There are 2 protein chains.
Amino acid sequence: MSEPDDVSLSLSDLFDLARKVLLHHGLSAAHADAIARVITQGQRDECHSHGLYRLLGCVRSVLSGKVNQHAQPTIRDVSPGVLAVDAHYGFSLLAFETGLPRLAEKARSQGIAAMAINRCFHFSALWPEVEAIAAHGLVALAMNPSHSWVAPAGGTRGVFGTNPIAFAWPRAEGHPFLFDFATSAIARGDIELHAREGKSIPAHWAIDREGRATTDARAALEGAMQTFGGHKGSALAAMVELLAGALIGDLTSMESQSLDDGAGLSPCHGELVIAIDPKRFLGSEYAIGEARAERLFEAIVTQGARLPSQRRFDARTRSERDGVRVSRSLYNEIMEVFH
Amino acid sequence: MSEPDDVSLSLSDLFDLARKVLLHHGLSAAHADAIARVITQGQRDECHSHGLYRLLGCVRSVLSGKVNQHAQPTIRDVSPGVLAVDAHYGFSLLAFETGLPRLAEKARSQGIAAMAINRCFHFSALWPEVEAIAAHGLVALAMNPSHSWVAPAGGTRGVFGTNPIAFAWPRAEGHPFLFDFATSAIARGDIELHAREGKSIPAHWAIDREGRATTDARAALEGAMQTFGGHKGSALAAMVELLAGALIGDLTSMESQSLDDGAGLSPCHGELVIAIDPKRFLGSEYAIGEARAERLFEAIVTQGARLPSQRRFDARTRSERDGVRVSRSLYNEIMEVFH
């Protein structure tokens with residue numbers, strides 16, 4: 001339940017507030033719009049770490065002077081199936097929006113296409129992006145490195161980022177089938193929170209500086225995080241470094257961390273997005289493929305299991321009806337910039 | 001150590017033996033060659049479940065009369081970035097070999113390309129395939145459904161196959177960076193083995209018919225297997241059903257299982273293979289991307305962690321030098337077909 005002194009906001013109030021804060025800090029209108037949209041989506045879906053709270057980290061990165069606040073992303077046609085969007089050291093979201101129409105066009109003409117986003121500051125979840133691609137009737141896969149907090153399976157030191165992988169499958173009715181998860185066992189913020197509150201953590205989240213599994217959150221922050229799923233998650237995390245780092249001519253999580261040099265800003269690196277046109281793959285059999293996917297989803301939900309993202313979609317329905325609630329302290333912290 | 005009555009075989013003896021058995025059972029020379037090559041690779045890399053042992057299951061599927069022993073795979077050009085190879089209900093391996101040159105060509109001209117393999121009987125691991133693609137200097141990703149033994153996270157009944165995902169990154173020197181893992185917590189054969197020996201299984205491998213985690217291997221076989229990594233592995237398993245089933249106009253694991261109807265043959269379904277040309281992505285910066293990947297691998301191995309597949313590559317070195325050893329009982333079982 002919400003605290004009595006929560007602040008109630010409609011989704012459009014929320015968007016306006018986020019936009020105003022970003023403009024106040026000198027971001028161009030195009031960047032402020034793109035970022036405010038995604039922050040609104042995060043808060044709407046009750047993905048709180050990617051909602052209004054994230055605006056604070058975004059502002060911190062802007063204040064550092066490293067982010068190009070007026071960067072105009074430019075598109076380069078790499079090959080018939082590949083484009084690259086150079087973010088010119090601005091935030092990633094405008095670069096994604098800039099490249100999306102061309103990516104969709106390529107996916108339709110080629111069947112499968114890839115978009116590299118390069119040289120961007122990245123603070124956002126990937127689900128708004130794969131969801132936007134699915135809205136074009138396309139299948140989407142996206143991934144990016146971050147900072148090298150995560151040790152490989154059997155190792156003792158950080159090499160990988162939290163390296164999320166997101167996927168969306170468009171559906172004729174309702175929300176797409178969609179997932180977006182970190183290849184780390186847990187978000188870094190969760191370990192920080194436990195450390196701050198003096199709580200212990202589950203032993204599979206992290207290792208200490210000697211590479212031993214630890215339940216001590218502080219020891220974990222000095223050591224390294226673990227991937228999810230043992231050596232399998234570790235293999236996937238490496239794949240993300242290779243595809244969304246080395247392949248696209250951009251930084252790995254180790255390099256991004258070096259560049260940050262302890263400043264704690266939004267990581268600066270690239271992102272890889274793949275879009276596939278199921279209509280192109282299936283041709284006249286498109287409806288058969290669609291029905292096959294629906295039977296799979298039905299077999300999952302009729303046995304009482306959930307489709308990924310269902311909680312977010314439920315929250316979305318609530319927020320679109322009732323607006324969102326933001327804690328008074330977060331609201332005040334955000335409003336402080338105007339004083 | 002090997003038993004005193006193991007049979008010693010050179011790799012070429014092994015290939016000849018496998019080929020002879022397959023020809024004896026009526027497979028065309030093209031199919032026998034393709035299958036014998038991959039079975040030799042499995043035994044060579046000490047991937048025993050995919051070595052000579054697998055020949056027995058392959059023969060069982062042939063004896064069922066359902067496999068087309070003389071199928072000549074045909075290629076269909078779906079779009080500039082996509083081809084489909086129809087296996088015409090033969091085994092998958094010849095279809096893969098048939099499509100590979102065209103897939104490589106498309107990846108080079110488009111930057112990224114996909115190959116669907118349709119209507120094939122599938123018994124092989126994916127690593128020989130992504131390794132073959134990497135030998136062309138291309139990055140590879142492959143996946144396929146199987147039979148619906150695996151429950152979704154939070155569910156009680158099988159929906160997904162063991163749904164392997166394999167990935168390879170080509171390296172200038174030595175073996176590619178390569179992984180190939182099931183999205184199930186464990187191979188089904190491992191549970192069967194435990195049941196036969198009356199041993200208990202770890203609680204995260206499977207659930208019983210009521211959906212409760214079980215350590216009883218027999219109860220597990222009557223229930224369903226679990227995915228690796230909880231809801232994340234479950235999401236990946238669903239992605240494999242969608243990409244290597246619904247998207248390519250082929251069967252999901254549920255459909256493949258229905259088709260088999262308890263016969264216990266090699267599953268009949270499709271496979272999706274994606275190939276990416278890093279030279280096309282990186283252009284004049286190819287060497288920079290390559291060096292970046294090598295630094296990642298170095299950061300993993302210098303801290304004492306292993307790259308995936310290292311054990312297989314070590315076994316390969318041994319087998320290429322010393323040949324392989326096969327248990328007398330397996331050897332006799334295979335030789336029986338000639339009596």
# chains A, B, ... in the order shown; residues from 1 in each chain; ligands from 1
$ interface_residues --of "chain A" --to "chain B" --cutoff "6 Å" --atoms "only C-alpha atoms" --output "ChimeraX atom specification"
/A:79-81,110-112,154-155,229,246-247,249,278,289,292-293,303,305
$ atom_distance --atom1 "atom CA of Val130 of chain B" --atom2 "atom CA of Ala142 of chain B"
6.8 Å
$ select_by_dssp --residues "segment 117-152 of chain B" --states "alpha helix (DSSP H)" --output "NGL selection string"
:B and (127-134)
$ residues_around --residues "segment 206-222 of chain A" --least-positions-apart "4" --cutoff "6 Å" --atoms "only C-alpha atoms" --output "PyMOL selection string"
chain A and resi 156+191+195+200-202+226
$ select_by_dssp --residues "segment 3-145 of chain A" --states "strand (DSSP E or B)" --output "compact mmCIF listing (two decimals) with C-alpha atoms, in the first residue's frame"
# COMPACT_ATOMS: atom_id res chain seq x y z
CA VAL A 7 2.55 12.00 -4.55
CA SER A 8 -0.06 11.04 -7.13
CA LEU A 9 0.72 11.77 -10.77
CA THR A 74 23.81 9.79 -37.18
CA ILE A 75 22.99 6.65 -39.17
CA ARG A 76 25.54 4.74 -41.21
CA ASP A 77 24.47 2.03 -43.63
CA VAL A 78 26.95 -0.78 -42.94
CA SER A 79 25.55 -3.44 -45.30
CA VAL A 82 23.15 -3.88 -40.89
CA LEU A 83 23.04 -0.25 -39.80
CA ALA A 84 25.03 1.56 -37.14
CA VAL A 85 23.79 4.58 -35.21
CA ASP A 86 26.49 6.77 -33.71
CA PHE A 91 22.29 9.07 -24.19
CA ILE A 112 16.70 -10.33 -40.61
CA ALA A 113 18.63 -7.16 -39.79
CA ALA A 114 20.88 -5.76 -37.07
CA MET A 115 21.39 -2.30 -35.63
CA ALA A 116 24.49 -1.32 -33.69
CA ILE A 117 24.18 1.67 -31.39
CA ASN A 118 27.62 3.10 -30.71
CA ARG A 119 29.24 5.52 -28.28
CA CYS A 120 26.20 6.06 -26.06
CA PHE A 121 25.63 6.61 -22.35
CA VAL A 139 10.63 -10.16 -33.54
CA ALA A 140 13.37 -8.43 -31.53
CA LEU A 141 16.49 -9.36 -29.64
CA ALA A 142 18.64 -6.76 -27.85
CA MET A 143 21.65 -6.83 -25.55
$ closest_residue --among "B:Val59, B:Thr40, B:Gly99, B:Ala172" --to "His24 of chain B" --atoms "only C-alpha atoms"
B:Val59
$ atom_distance --atom1 "atom CA of Ala87 of chain A" --atom2 "atom CA of His269 of chain A"
10.0 Å
$ atom_distance --atom1 "atom CA of Ser258 of chain A" --atom2 "atom CA of Ala224 of chain A"
15.8 Å
